[in-house]
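Undergrad: One file: start_18.csv (CSV, C-alpha atoms).
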chain,number,residue,atom,x,y,z
A,1100,MET,CA,47.5,-48.4,50.8
A,1101,GLY,CA,48.2,-51.5,48.7
A,1102,LEU,CA,51.5,-53.2,48.2
A,1103,HIS,CA,53.9,-50.3,48.2
A,1104,GLY,CA,56.5,-49.0,50.7
A,1105,GLY,CA,55.1,-45.6,51.3
A,1106,ALA,CA,54.2,-46.3,54.9
A,1107,LEU,CA,56.9,-48.8,55.6
A,1108,PRO,CA,59.7,-48.1,58.2
A,1109,ASP,CA,63.3,-47.8,57.1
A,1110,PHE,CA,65.0,-51.1,56.8
A,1111,PRO,CA,66.5,-51.4,60.3
A,1112,TRP,CA,69.8,-53.2,59.4
A,1113,ASP,CA,71.0,-50.2,57.4
A,1114,SER,CA,71.4,-48.2,60.6
A,1115,LEU,CA,73.9,-50.8,61.9
A,1116,LYS,CA,76.4,-50.2,59.2
A,1117,PRO,CA,78.6,-47.7,61.2
A,1118,TYR,CA,78.9,-50.1,64.1
A,1119,ALA,CA,79.8,-52.9,61.7
A,1120,GLU,CA,82.6,-50.8,60.3
A,1121,GLN,CA,83.8,-50.0,63.8
A,1122,ALA,CA,83.8,-53.7,64.7
A,1123,ARG,CA,85.5,-54.7,61.5
A,1124,SER,CA,88.4,-52.4,62.3
A,1125,HIS,CA,89.3,-54.4,65.4
A,1126,PRO,CA,92.9,-55.7,65.1
A,1127,ASP,CA,91.7,-59.3,65.5
A,1128,GLY,CA,88.8,-58.8,63.1
A,1129,LEU,CA,85.0,-58.8,63.2
A,1130,VAL,CA,82.9,-61.4,65.1
A,1131,ASP,CA,79.4,-60.9,63.7
A,1132,LEU,CA,76.7,-62.0,66.2
A,1133,SER,CA,74.1,-59.7,64.7
A,1134,VAL,CA,72.3,-61.7,62.1
A,1135,GLY,CA,71.0,-65.3,62.7
A,1136,THR,CA,72.5,-66.7,59.4
A,1137,PRO,CA,73.8,-70.3,59.7
A,1138,VAL,CA,77.5,-70.8,59.2
A,1139,ASP,CA,77.8,-74.6,59.6
A,1140,PRO,CA,77.8,-76.9,56.5
A,1141,THR,CA,74.6,-78.1,55.0
A,1142,PRO,CA,74.3,-81.8,55.9
A,1143,ASP,CA,75.4,-84.3,53.4
A,1144,VAL,CA,72.1,-86.1,53.4
A,1145,VAL,CA,70.4,-82.9,52.2
A,1146,ARG,CA,73.0,-82.0,49.6
A,1147,SER,CA,72.9,-85.5,48.2
A,1148,ALA,CA,69.1,-85.3,47.9
A,1149,LEU,CA,69.4,-82.0,46.1
A,1150,ALA,CA,71.9,-83.3,43.7
A,1151,ALA,CA,69.9,-86.5,43.0
A,1152,ALA,CA,66.8,-84.3,42.1
A,1153,GLY,CA,68.8,-81.9,39.9
A,1154,ASN,CA,67.3,-83.1,36.7
A,1155,TRP,CA,63.9,-81.4,37.0
A,1156,PRO,CA,63.0,-79.9,33.7
A,1157,GLY,CA,59.3,-79.3,34.3
A,1158,TYR,CA,57.5,-77.0,36.7
A,1159,PRO,CA,57.0,-78.3,40.3
A,1160,THR,CA,53.5,-78.0,41.8
A,1161,THR,CA,52.7,-75.1,44.0
A,1162,HIS,CA,51.2,-77.3,46.6
A,1163,GLY,CA,54.4,-79.3,46.9
A,1164,THR,CA,55.1,-83.0,46.1
A,1165,PRO,CA,53.0,-85.6,48.0
A,1166,GLU,CA,56.3,-86.9,49.4
A,1167,LEU,CA,57.1,-83.5,51.0
A,1168,ARG,CA,53.6,-82.9,52.4
A,1169,GLN,CA,53.6,-86.4,53.9
A,1170,ALA,CA,57.1,-85.9,55.3
A,1171,VAL,CA,55.9,-82.7,57.0
A,1172,ALA,CA,52.9,-84.5,58.6
A,1173,GLN,CA,55.1,-87.3,59.8
A,1174,TRP,CA,57.7,-84.8,61.2
A,1175,PHE,CA,55.0,-83.0,63.2
A,1176,ALA,CA,53.9,-86.4,64.7
A,1177,ARG,CA,57.5,-87.5,65.5
A,1178,ARG,CA,59.1,-84.2,66.7
A,1179,ARG,CA,56.3,-81.8,67.6
A,1180,GLY,CA,53.7,-83.9,69.4
A,1181,VAL,CA,51.1,-83.2,66.7
A,1182,PRO,CA,49.7,-86.6,65.4
A,1183,ASP,CA,47.0,-85.3,63.1
A,1184,VAL,CA,48.4,-82.9,60.5
A,1185,ASP,CA,46.6,-83.4,57.2
A,1186,PRO,CA,49.0,-83.5,54.2
A,1187,ALA,CA,46.4,-81.4,52.4
A,1188,GLY,CA,47.0,-78.7,55.0
A,1189,VAL,CA,50.7,-78.4,54.2
A,1190,LEU,CA,52.2,-75.9,51.8
A,1191,PRO,CA,55.9,-75.3,51.1
A,1192,THR,CA,57.0,-71.7,51.0
A,1193,VAL,CA,60.0,-69.8,49.7
A,1194,GLY,CA,61.6,-69.5,53.1
A,1195,SER,CA,59.4,-68.4,56.0
A,1196,LYS,CA,59.9,-64.6,55.8
A,1197,GLU,CA,57.9,-64.2,52.6
A,1198,LEU,CA,55.0,-66.0,54.2
A,1199,VAL,CA,55.2,-63.8,57.3
A,1200,ALA,CA,55.3,-60.7,55.1
A,1201,LEU,CA,52.6,-61.7,52.8
A,1202,LEU,CA,50.1,-63.7,54.9
A,1203,PRO,CA,47.8,-60.8,55.7
A,1204,ALA,CA,47.6,-60.0,52.0
A,1205,LEU,CA,47.2,-63.6,51.0
A,1206,LEU,CA,44.3,-63.9,53.5
A,1207,GLY,CA,42.6,-60.8,51.8
A,1208,LEU,CA,43.1,-58.4,54.7
A,1209,GLY,CA,43.1,-54.7,54.2
A,1210,PRO,CA,42.0,-51.4,55.6
A,1211,GLY,CA,40.0,-51.7,58.7
A,1212,ASP,CA,41.5,-55.1,59.6
A,1213,VAL,CA,43.8,-55.5,62.6
A,1214,VAL,CA,46.8,-57.8,62.8
A,1215,VAL,CA,48.0,-58.6,66.3
A,1216,HIS,CA,51.7,-59.4,66.9
A,1217,PRO,CA,54.0,-59.6,69.9
A,1218,GLU,CA,55.1,-56.4,71.5
A,1219,VAL,CA,58.8,-57.3,71.2
A,1220,ALA,CA,59.0,-58.9,67.8
A,1221,TYR,CA,60.6,-59.6,64.5
A,1222,PRO,CA,59.7,-56.5,62.5
A,1223,THR,CA,58.2,-58.4,59.5
A,1224,TYR,CA,54.9,-59.0,61.4
A,1225,ASP,CA,54.4,-55.3,61.4
A,1226,VAL,CA,55.5,-54.9,57.8
A,1227,GLY,CA,53.2,-57.6,56.6
A,1228,ALA,CA,50.2,-55.9,58.1
A,1229,ARG,CA,51.2,-52.6,56.5
A,1230,LEU,CA,51.8,-54.2,53.1
A,1231,ALA,CA,48.2,-55.4,53.1
A,1232,GLY,CA,46.9,-52.0,54.2
A,1233,ALA,CA,45.8,-53.5,57.6
A,1234,THR,CA,46.7,-52.1,61.0
A,1235,PRO,CA,49.4,-53.7,63.1
A,1236,LEU,CA,48.7,-54.0,66.9
A,1237,PRO,CA,51.6,-55.0,69.2
A,1238,ALA,CA,50.0,-56.8,72.1
A,1239,ASP,CA,51.1,-59.7,74.4
A,1240,ASP,CA,48.0,-59.7,76.6
A,1241,VAL,CA,44.9,-61.4,75.2
A,1242,ALA,CA,42.8,-58.8,77.1
A,1243,VAL,CA,44.1,-56.0,74.9
A,1244,TRP,CA,42.6,-57.5,71.7
A,1245,GLY,CA,40.3,-60.3,72.8
A,1246,ALA,CA,37.1,-58.2,72.8
A,1247,ARG,CA,37.7,-56.3,69.5
A,1248,ASP,CA,35.6,-56.9,66.5
A,1249,ASP,CA,38.3,-55.9,63.9
A,1250,VAL,CA,41.0,-58.4,64.7
A,1251,ARG,CA,41.5,-60.8,61.7
A,1252,LEU,CA,44.9,-62.3,62.3
A,1253,VAL,CA,46.9,-63.0,65.5
A,1254,TRP,CA,50.6,-63.8,65.2
A,1255,VAL,CA,52.4,-65.7,68.0
A,1256,ASN,CA,56.1,-66.4,67.9
A,1257,SER,CA,57.4,-69.1,70.3
A,1258,PRO,CA,60.3,-69.4,70.8
A,1259,SER,CA,60.5,-65.6,70.3
A,1260,ASN,CA,62.9,-63.9,68.0
A,1261,PRO,CA,64.5,-61.9,69.6
A,1262,THR,CA,63.9,-62.8,73.3
A,1263,GLY,CA,63.7,-66.6,73.3
A,1264,ARG,CA,60.5,-66.4,75.3
A,1265,VAL,CA,58.3,-69.6,75.2
A,1266,LEU,CA,54.5,-69.7,75.3
A,1267,ASP,CA,53.4,-72.7,77.3
A,1268,VAL,CA,50.2,-74.7,76.5
A,1269,PRO,CA,47.8,-72.6,78.7
A,1270,ALA,CA,49.1,-69.4,77.1
A,1271,LEU,CA,48.7,-70.7,73.6
A,1272,ARG,CA,45.3,-72.1,74.4
A,1273,ALA,CA,44.1,-68.7,75.6
A,1274,VAL,CA,45.2,-67.2,72.3
A,1275,VAL,CA,43.3,-69.9,70.3
A,1276,ASP,CA,40.2,-69.6,72.4
A,1277,ALA,CA,40.0,-65.8,72.1
A,1278,ALA,CA,40.8,-65.8,68.4
A,1279,ARG,CA,38.1,-68.4,67.7
A,1280,ARG,CA,35.5,-66.3,69.5
A,1281,LEU,CA,36.4,-63.5,67.2
A,1282,GLY,CA,36.6,-65.6,64.0
A,1283,ALA,CA,40.3,-64.6,63.6
A,1284,VAL,CA,43.1,-66.7,62.2
A,1285,VAL,CA,46.0,-67.5,64.5
A,1286,ALA,CA,49.4,-68.0,62.9
A,1287,SER,CA,52.3,-69.3,64.9
A,1288,ASP,CA,55.9,-68.8,63.9
A,1289,GLU,CA,57.7,-71.8,65.3
A,1290,CYS,CA,61.0,-71.6,63.4
A,1291,TYR,CA,63.1,-72.1,66.5
A,1292,ALA,CA,60.9,-74.7,68.2
A,1293,LEU,CA,63.6,-77.5,68.3
A,1294,LEU,CA,66.2,-75.1,69.7
A,1295,ALA,CA,65.0,-75.5,73.3
A,1296,TRP,CA,67.6,-75.1,76.1
A,1297,ASP,CA,65.9,-75.0,79.5
A,1298,ALA,CA,63.4,-77.3,81.3
A,1299,PRO,CA,60.7,-78.4,80.7
A,1300,TRP,CA,61.2,-78.1,76.9
A,1301,SER,CA,64.9,-79.1,76.6
A,1302,GLY,CA,65.3,-82.0,74.2
A,1303,SER,CA,61.7,-82.2,73.1
A,1304,GLY,CA,60.9,-78.8,71.5
A,1305,THR,CA,58.6,-76.1,72.6
A,1306,PRO,CA,54.7,-76.5,72.5
A,1307,SER,CA,53.1,-76.2,69.1
A,1308,LEU,CA,49.9,-74.3,68.2
A,1309,LEU,CA,48.7,-77.5,66.6
A,1310,ASP,CA,49.3,-79.6,69.7
A,1311,PRO,CA,46.0,-81.3,70.7
A,1312,ALA,CA,46.4,-79.9,74.2
A,1313,VAL,CA,46.4,-76.4,72.7
A,1314,CYS,CA,43.8,-76.6,70.0
A,1315,GLY,CA,41.6,-79.4,71.1
A,1316,GLY,CA,42.5,-81.5,68.1
A,1317,ARG,CA,40.9,-79.0,65.8
A,1318,HIS,CA,43.1,-77.1,63.3
A,1319,GLU,CA,40.4,-74.8,62.0
A,1320,GLY,CA,41.6,-71.2,61.9
A,1321,LEU,CA,45.2,-72.2,62.8
A,1322,LEU,CA,48.4,-72.1,60.8
A,1323,VAL,CA,52.0,-72.9,61.8
A,1324,VAL,CA,55.0,-71.5,60.0
A,1325,HIS,CA,58.2,-73.4,60.1
A,1326,SER,CA,61.6,-73.1,58.5
A,1327,LEU,CA,64.4,-75.6,58.0
A,1328,SER,CA,67.0,-72.8,57.8
A,1329,LYS,CA,68.1,-73.0,61.4
A,1330,GLN,CA,67.8,-76.6,62.3
A,1331,SER,CA,69.2,-78.0,59.1
A,1332,ASN,CA,71.4,-75.1,57.8
A,1333,LEU,CA,69.2,-74.6,54.8
A,1334,ALA,CA,68.9,-70.8,54.8
A,1335,GLY,CA,70.3,-70.7,51.3
A,1336,TYR,CA,67.8,-73.2,50.0
A,1337,ARG,CA,64.8,-71.1,51.2
A,1338,GLY,CA,63.0,-74.2,52.4
A,1339,ALA,CA,60.0,-73.7,54.7
A,1340,PHE,CA,56.4,-74.5,55.0
A,1341,VAL,CA,53.0,-73.5,56.5
A,1342,ALA,CA,50.7,-76.2,57.9
A,1343,GLY,CA,47.4,-76.4,59.7
A,1344,ASP,CA,43.8,-75.8,58.6
A,1345,PRO,CA,43.4,-77.3,55.1
A,1346,GLY,CA,40.7,-74.8,54.3
A,1347,LEU,CA,43.1,-71.9,55.0
A,1348,VAL,CA,45.9,-73.6,53.2
A,1349,SER,CA,43.6,-74.0,50.1
A,1350,ARG,CA,43.0,-70.3,50.1
A,1351,LEU,CA,46.7,-69.5,50.3
A,1352,LEU,CA,47.4,-72.1,47.6
A,1353,GLU,CA,44.9,-70.5,45.1
A,1354,VAL,CA,46.6,-67.1,45.4
A,1355,ARG,CA,50.1,-68.6,45.2
A,1356,LYS,CA,49.2,-70.5,42.0
A,1357,HIS,CA,48.2,-67.2,40.3
A,1358,ALA,CA,51.3,-65.5,41.6
A,1359,GLY,CA,53.7,-68.3,40.6
A,1360,MET,CA,55.1,-68.6,44.2
A,1361,ILE,CA,56.6,-72.1,43.9
A,1362,VAL,CA,59.4,-73.8,45.8
A,1363,PRO,CA,61.9,-75.3,43.3
A,1364,GLY,CA,61.5,-79.1,42.8
A,1365,PRO,CA,65.0,-80.0,43.9
A,1366,VAL,CA,64.6,-78.0,47.0
A,1367,GLN,CA,61.5,-79.8,47.8
A,1368,ALA,CA,63.4,-83.1,47.5
A,1369,ALA,CA,66.1,-81.7,49.8
A,1370,MET,CA,63.4,-80.7,52.3
A,1371,VAL,CA,62.1,-84.3,52.4
A,1372,ALA,CA,65.6,-85.5,53.2
A,1373,ALA,CA,66.0,-82.9,56.0
A,1374,LEU,CA,62.6,-83.7,57.5
A,1375,THR,CA,63.2,-87.4,57.6
A,1376,ASP,CA,66.7,-87.4,59.1
A,1377,ASP,CA,66.8,-86.4,62.8
A,1378,GLU,CA,70.4,-87.1,63.4
A,1379,HIS,CA,71.8,-84.0,61.7
A,1380,VAL,CA,69.3,-81.8,63.5
A,1381,ASP,CA,70.4,-83.2,66.9
A,1382,VAL,CA,74.0,-82.6,65.9
A,1383,GLN,CA,73.3,-79.0,65.0
A,1384,VAL,CA,71.3,-78.3,68.2
A,1385,ALA,CA,74.2,-79.6,70.2
A,1386,ARG,CA,76.5,-77.2,68.4
A,1387,TYR,CA,74.3,-74.3,69.3
A,1388,ARG,CA,73.9,-75.4,72.9
A,1389,ARG,CA,77.7,-75.4,73.3
A,1390,ARG,CA,78.1,-72.0,71.7
A,1391,ARG,CA,75.2,-70.6,73.8
A,1392,GLU,CA,76.8,-71.7,77.0
A,1393,VAL,CA,80.2,-70.1,76.1
A,1394,LEU,CA,78.6,-66.8,75.1
A,1395,ARG,CA,76.2,-66.8,78.1
A,1396,GLN,CA,79.1,-67.2,80.5
A,1397,ALA,CA,81.2,-64.6,78.7
A,1398,PHE,CA,78.5,-61.9,78.6
A,1399,THR,CA,77.5,-62.5,82.2
A,1400,GLY,CA,81.2,-62.5,83.3
A,1401,ALA,CA,81.6,-59.1,81.6
A,1402,GLY,CA,78.8,-57.6,83.7
A,1403,LEU,CA,76.0,-57.8,81.2
A,1404,HIS,CA,72.7,-59.4,81.9
A,1405,VAL,CA,71.3,-62.3,79.9
A,1406,GLU,CA,67.5,-62.3,80.3
A,1407,ASP,CA,64.8,-64.8,79.1
A,1408,SER,CA,66.5,-66.8,76.3
A,1409,PRO,CA,65.3,-70.3,77.4
A,1410,ALA,CA,65.0,-71.3,73.7
A,1411,GLY,CA,65.8,-70.0,70.2
A,1412,LEU,CA,68.9,-68.9,68.4
A,1413,TYR,CA,69.7,-65.8,70.4
A,1414,LEU,CA,70.7,-64.4,73.8
A,1415,TRP,CA,68.6,-61.4,75.0
A,1416,VAL,CA,71.2,-59.2,76.7
A,1417,ARG,CA,70.8,-56.0,78.7
A,1418,GLY,CA,73.8,-53.6,79.1
A,1419,ALA,CA,76.0,-53.4,82.2
A,1420,GLY,CA,75.1,-49.8,83.0
A,1421,PRO,CA,71.8,-49.0,84.8
A,1422,GLY,CA,69.3,-48.1,82.2
A,1423,GLN,CA,71.8,-48.2,79.4
A,1424,ASP,CA,70.4,-47.7,75.9
A,1425,CYS,CA,70.8,-50.5,73.5
A,1426,TRP,CA,72.8,-48.4,71.0
A,1427,ALA,CA,75.4,-47.6,73.7
A,1428,THR,CA,75.7,-51.4,74.3
A,1429,VAL,CA,76.1,-52.0,70.6
A,1430,ALA,CA,78.8,-49.3,70.5
A,1431,ASP,CA,80.6,-50.8,73.5
A,1432,LEU,CA,80.7,-54.3,71.9
A,1433,ALA,CA,81.6,-52.9,68.5
A,1434,GLY,CA,84.7,-51.5,70.2
A,1435,LEU,CA,85.6,-55.1,71.1
A,1436,GLY,CA,85.0,-56.1,67.5
A,1437,VAL,CA,81.8,-57.8,68.3
A,1438,LEU,CA,78.7,-56.9,66.4
A,1439,VAL,CA,75.2,-57.4,67.9
A,1440,ALA,CA,71.7,-56.3,67.0
A,1441,PRO,CA,70.0,-53.4,69.0
A,1442,GLY,CA,66.8,-54.2,70.7
A,1443,ALA,CA,65.3,-51.1,69.1
A,1444,PHE,CA,64.9,-53.1,65.9
A,1445,TYR,CA,62.2,-55.2,67.7
A,1446,GLY,CA,60.0,-52.6,69.3
A,1447,PRO,CA,60.1,-49.6,71.7
A,1448,SER,CA,60.0,-51.7,74.8
A,1449,ALA,CA,63.2,-53.4,73.8
A,1450,ALA,CA,65.3,-50.3,73.8
A,1451,ARG,CA,67.6,-51.5,76.7
A,1452,HIS,CA,68.5,-54.8,75.2
A,1453,VAL,CA,70.6,-56.3,72.4
A,1454,ARG,CA,70.2,-59.5,70.5
A,1455,VAL,CA,73.2,-61.9,70.3
A,1456,ALA,CA,73.1,-64.6,67.7
A,1457,LEU,CA,74.5,-68.1,68.3
A,1458,THR,CA,75.3,-68.4,64.6
A,1459,ALA,CA,79.1,-68.1,64.5
A,1460,SER,CA,81.7,-70.7,64.3
A,1461,ASP,CA,83.2,-72.2,67.4
A,1462,GLU,CA,86.4,-70.3,66.7
A,1463,SER,CA,84.6,-67.0,66.4
A,1464,VAL,CA,82.6,-67.6,69.5
A,1465,ALA,CA,85.8,-68.3,71.4
A,1466,ARG,CA,87.3,-65.1,70.1
A,1467,ALA,CA,84.2,-63.1,71.2
A,1468,ALA,CA,84.3,-64.7,74.6
A,1469,ALA,CA,88.0,-64.0,75.1
A,1470,ARG,CA,87.5,-60.3,74.2
A,1471,LEU,CA,84.6,-60.0,76.7
A,1472,GLN,CA,86.6,-61.7,79.4
A,1473,ALA,CA,89.5,-59.3,78.9
A,1474,ALA,CA,87.4,-56.2,78.7
Kindly return the structure encoded in the file as structure tokens.

TA:
Amino acid sequence: MGLHGGALPDFPWDSLKPYAEQARSHPDGLVDLSVGTPVDPTPDVVRSALAAAGNWPGYPTTHGTPELRQAVAQWFARRRGVPDVDPAGVLPTVGSKELVALLPALLGLGPGDVVVHPEVAYPTYDVGARLAGATPLPADDVAVWGARDDVRLVWVNSPSNPTGRVLDVPALRAVVDAARRLGAVVASDECYALLAWDAPWSGSGTPSLLDPAVCGGRHEGLLVVHSLSKQSNLAGYRGAFVAGDPGLVSRLLEVRKHAGMIVPGPVQAAMVAALTDDEHVDVQVARYRRRREVLRQAFTGAGLHVEDSPAGLYLWVRGAGPGQDCWATVADLAGLGVLVAPGAFYGPSAARHVRVALTASDESVARAAARLQAA
């Protein structure tokens, strides 16, 4: 198929436009809880680092500065329980979405190769497989794919976007063991790992694929994708990275050198500042915790059902009516001026749910809660 859109699905967010217009017409205005885009200020420590590195006339290296790769390795040890990340196995990326979309192609996958991803999932896992000409396979159960000889890449996403589901150490270890038997790569999207609300992960982050308890202290065949967009309000900087197996990272690096896929030097400096300062992350996590609790109580009080959601940036909500379709719930909430994302964006089995983002200001969250309580 090659890198073209002939077999790609329609961009899902376009179908939400009529509901956005309906919500925008509310007398008290739109409260947009549909897209997980940060709204709080970028921390001063990060902005100062960006400004200080502003005089960068030459090309930055594709592999990233030694300071950045070392900062990532130290961050894994300090915040993620992974003491042995090799800085040579770290590579900055232009946000995490481009890496998700391009990883199958960067690994050389194509026709005849299978890419496994969660059944309810961010749609870019599917898109990335199709862009490479590979076959996407939505499957949560290792038994579905663990005996196949055509699986080349397995995506896990914990905490999940959209559901907030967390894979514990035994579940992650089962994926790693099965993939290693097949010679497949495992890539773990851990962008929401520090946004952990419920025990036993609250305050410490959810388990990482690179945790020694998961991988046995061996990173071969394993990659973790992480973004600073959510925890540090850096979505506009497009600052993210992939880390793990140095051999795999070397393969990605060679392709990215040829393609000129480089994170700007000042952004790399800003990422170092973000990764070495924990205080601003803890402040932001506390903000999201407060907003989550206000919205959780409001949706539950209005008769809707909040399911899963022990971590991550979203509430996974089922409509009040028995068997209510997600689009009916979207329409009901749009009538209150509240815009959410339909579960249908994330797979057929999510057709009765909506995704509610926590990325709105305190004032907007309070307005949404008041409307739900009055409905």

Undergrad: Please work out which residues fall within 10 Å of (51.5, -68.3, 74.7), coordinates as given in the file, with all atoms listed in the file counting, and return them as a list in words.

TA: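 Looking at atoms near the point gives Asp1239, Asp1240, Val1241, Val1255, Asn1256, Ser1257, Pro1258, Arg1264, Val1265, Leu1266, Asp1267, Val1268, Pro1269, Ala1270, Leu1271, Arg1272, Ala1273, Val1274, Val1275, Ser1287, Pro1306, Ser1307, Leu1308 and Val1313 of chain A.
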
Undergrad: Output C-alpha atoms for every residue in that selection, as a PDB file, keeping the file's coordinate frame.

TA:
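So part.pdb came out as:
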ATOM      1  CA  ASP A1239      51.100 -59.700  74.400  1.00  0.00           C
ATOM      2  CA  ASP A1240      48.000 -59.700  76.600  1.00  0.00           C
ATOM      3  CA  VAL A1241      44.900 -61.400  75.200  1.00  0.00           C
ATOM      4  CA  VAL A1255      52.400 -65.700  68.000  1.00  0.00           C
ATOM      5  CA  ASN A1256      56.100 -66.400  67.900  1.00  0.00           C
ATOM      6  CA  SER A1257      57.400 -69.100  70.300  1.00  0.00           C
ATOM      7  CA  PRO A1258      60.300 -69.400  70.800  1.00  0.00           C
ATOM      8  CA  ARG A1264      60.500 -66.400  75.300  1.00  0.00           C
ATOM      9  CA  VAL A1265      58.300 -69.600  75.200  1.00  0.00           C
ATOM     10  CA  LEU A1266      54.500 -69.700  75.300  1.00  0.00           C
ATOM     11  CA  ASP A1267      53.400 -72.700  77.300  1.00  0.00           C
ATOM     12  CA  VAL A1268      50.200 -74.700  76.500  1.00  0.00           C
ATOM     13  CA  PRO A1269      47.800 -72.600  78.700  1.00  0.00           C
ATOM     14  CA  ALA A1270      49.100 -69.400  77.100  1.00  0.00           C
ATOM     15  CA  LEU A1271      48.700 -70.700  73.600  1.00  0.00           C
ATOM     16  CA  ARG A1272      45.300 -72.100  74.400  1.00  0.00           C
ATOM     17  CA  ALA A1273      44.100 -68.700  75.600  1.00  0.00           C
ATOM     18  CA  VAL A1274      45.200 -67.200  72.300  1.00  0.00           C
ATOM     19  CA  VAL A1275      43.300 -69.900  70.300  1.00  0.00           C
ATOM     20  CA  SER A1287      52.300 -69.300  64.900  1.00  0.00           C
ATOM     21  CA  PRO A1306      54.700 -76.500  72.500  1.00  0.00           C
ATOM     22  CA  SER A1307      53.100 -76.200  69.100  1.00  0.00           C
ATOM     23  CA  LEU A1308      49.900 -74.300  68.200  1.00  0.00           C
ATOM     24  CA  VAL A1313      46.400 -76.400  72.700  1.00  0.00           C
TER      25      VAL A1313
END

Undergrad: Nearest residue to Trp1300 in chain A out of A:Asp1131, A:Arg1168, A:Ala1368, A:Gly1411, using all atoms listed in the file?

TA: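 Under the stated criterion, the closest residue is A:Gly1411.
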
Undergrad: So which one's closest to Pro1299 in chain A, A:Asp1249, A:Phe1444, A:Leu1208, A:Pro1409? Using only C-alpha atoms, please.

TA: A:Pro1409

Undergrad: Could you check which of A:Gly1338, A:Gly1320, A:Pro1237, A:Pro1217 is closest to Val1171 in chain A, using all atoms listed in the file?

TA: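 Closest to Val1171 in chain A of all the choices is A:Gly1338.
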
Undergrad: Let me make sure I understand: among A:Leu1351, A:Ala1292, A:Cys1425, A:Leu1322, which one has the smallest atom-to-atom distance to Tyr1445 in chain A if we use only C-alpha atoms?

TA: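 Ranked by minimum distance to Tyr1445 in chain A, first place goes to A:Cys1425.
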